[in-house]
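Everything on this sheet refers to the single structure shown next.
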Amino acid sequence: MSIEHIAFGRTGHSSTRTLFGAASLSSVDQATADRTLEVLMKHGVNHIDTAASYGDAELRIAPWLRREPGRFFLATKTGARKAKAAREELHRSLDRLGVDHVDLWQLHNLADPIEWDDALSPGGVIEAAAEARSEGLVRFIGVTGHGAQIAANHRRSLERFDFDSVLLPYNFVTMQLPYYAENFDALAATCRERNVAMQTIKSIALRPWRGRERVRTTWYEPLENQEDIDLAVWWVLGRPGVFLNTVGDVNLLPKVLDAASRFDKRPANAAMEELVKRSSPEPLFV
């Protein structure tokens, strides 16, 4: 089976519903990165999501783009909040990626209220983003974030600026938090109305490490067993229209893509509750 393709919002691109999250490349060598490309090619993934802050990820992707020109929708992110710093970071990203433009440039982790106001006010990063779009350096503009408040925050962001995409956490456990679920559903409704692409992260997050030995490169402890990953991935993909950004560990990537390639329908609540019972997850954000 193959991974489903759907329209990535208003961009005109038909993206695989699983987008490659390139945080997994932040500290790997080029040989490991190239083996990862083969995994993506096997599953037909055609959309890469990276960031200026993801270590060496942009450098690792550059050879892929030379080898497979035109194959991938390319997204990166800036953590800058002011226009001048953002422009500098964009040009650095373009140099590192070896391209003259990116398809999507995203305001990274725009959650803090003061940073939010700085970023979306005159002289903020949004000014640089709009200029870069007019200059052809970026085609579309998005916003990303983490935390229990981020669904509500993205709703405010869409009121301030007409973003082309949003990115935020989405999994069974997080959606048991009433405040988060209410705002996520409201955000999803707005995205449907305005044809904004909705990207989700943390599909296989299990719990914070909380002092346990970190045996994965993810900042949270992930699910490990294929059966559990299947349920978590299928639950996310069971929501029509959303995209799933893959895990930040190259060694778990094949399991996530394997699950996505076998997706048929969302698991029943009973199956998800059984997963919760046997794995004892904890919310990453409260």
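Letters A, B, ... go to the chains of the structure tokens in the order shown; residues in each chain start at 1; ligands are counted from 1 in the same order.
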Discussion item. At a cut-off of 7 Å, using only C-alpha atoms, what residues contact Ser203 in chain A? Leave out same-chain residues fewer than 4 positions from it and give the result as a list of chain:residue names.
Written reply: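 Residues meeting the cut-off are A:Tyr170, A:Asn171, A:Ala232, A:Val233, A:Val236.
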Item to complete: Could you give me, as a ChimeraX atom specification, the residues within 6 Å of range 94-97 of chain A, counting only C-alpha atoms and dropping anything in the same chain fewer than 6 positions from it?
Response: /A:58-59,62
Fill in: Shell of 12 Å around His108 in chain A, only C-alpha atoms, local chain residues under 3 positions omitted, as a PyMOL selection string
chain A and resi 49-54+75-81+86+104-105+111-112+115-116+119+125-126+141-146+150+154+165-168
Item to complete: Could you please determine the separation between CA of Ala148 in chain A and CA of Phe285 in chain A in Å, to one decimal place?
Response: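 Separation between CA of Ala148 in chain A and CA of Phe285 in chain A: 5.3 Å.
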Discussion item. Using DSSP assignments from the backbone, pull out every residue in range 21-231 of chain A that falls under helix (DSSP H, G or I) and give it to me as a ChimeraX atom specification.
Written reply: /A:22-25,30-43,57-67,83-97,113-119,125-134,150-160,174-176,178-194,226-231
Restrict the calculation to only C-alpha atoms, then for each residue of range 75-173 of chain A with any atom at most 9 Å from an atom of range 10-22 of chain A give the closest atom pair and their distance in Å to one decimal, rows by chain and rising residue number, as JSON lines.
{"residue": "A:Asp103", "atom": "CA", "partner": "A:Thr11", "partner_atom": "CA", "distance": 8.8}
{"residue": "A:Arg139", "atom": "CA", "partner": "A:Thr11", "partner_atom": "CA", "distance": 8.4}
{"residue": "A:Phe140", "atom": "CA", "partner": "A:Thr11", "partner_atom": "CA", "distance": 7.4}
{"residue": "A:Asp164", "atom": "CA", "partner": "A:Arg10", "partner_atom": "CA", "distance": 7.0}
{"residue": "A:Ser165", "atom": "CA", "partner": "A:Arg10", "partner_atom": "CA", "distance": 8.9}
Hey, what's within 7 Å of Gly9 in chain A if we count only C-alpha atoms and toss same-chain stuff fewer than 3 positions away? As a short mmCIF file (atom, residue, chain, number, x, y, z; two decimals) with N, CA, C and O atoms, in the first residue's frame, please?
data_model
loop_
_atom_site.label_atom_id
_atom_site.label_comp_id
_atom_site.auth_asym_id
_atom_site.auth_seq_id
_atom_site.Cartn_x
_atom_site.Cartn_y
_atom_site.Cartn_z
N ASP A 164 -0.45 30.39 5.49
CA ASP A 164 -0.79 29.29 4.58
C ASP A 164 -0.79 27.94 5.27
O ASP A 164 -1.37 26.98 4.74
N ASN A 195 -8.72 27.14 3.84
CA ASN A 195 -7.82 26.29 3.06
C ASN A 195 -6.37 26.45 3.52
O ASN A 195 -5.45 26.62 2.72
N VAL A 196 -6.19 26.39 4.83
CA VAL A 196 -4.87 26.45 5.46
C VAL A 196 -4.43 25.02 5.78
O VAL A 196 -5.19 24.25 6.36
N ALA A 197 -3.22 24.66 5.38
CA ALA A 197 -2.72 23.32 5.65
C ALA A 197 -2.49 23.13 7.15
O ALA A 197 -1.96 24.02 7.82
#
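Compared by their closest atoms to Val256 in chain A, and using only C-alpha atoms, the residues A:Ala130, A:Ala151, A:Ile3, A:Leu158 rank with A:Ile3 nearest.
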Discussion item. What's around Glu274 in chain A at 12 Å? Count only C-alpha atoms, leave out sequence neighbours fewer than 4 positions away in its own chain, and write the answer as a list in words.
Written reply: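 Counting only C-alpha atoms, the residues come to Phe172, Glu227, Asp228, Leu231, Ala232, Pro267, Ala268, Asn269, Ala270, Arg278, Ser279, Ser280 and Pro281 of chain A.
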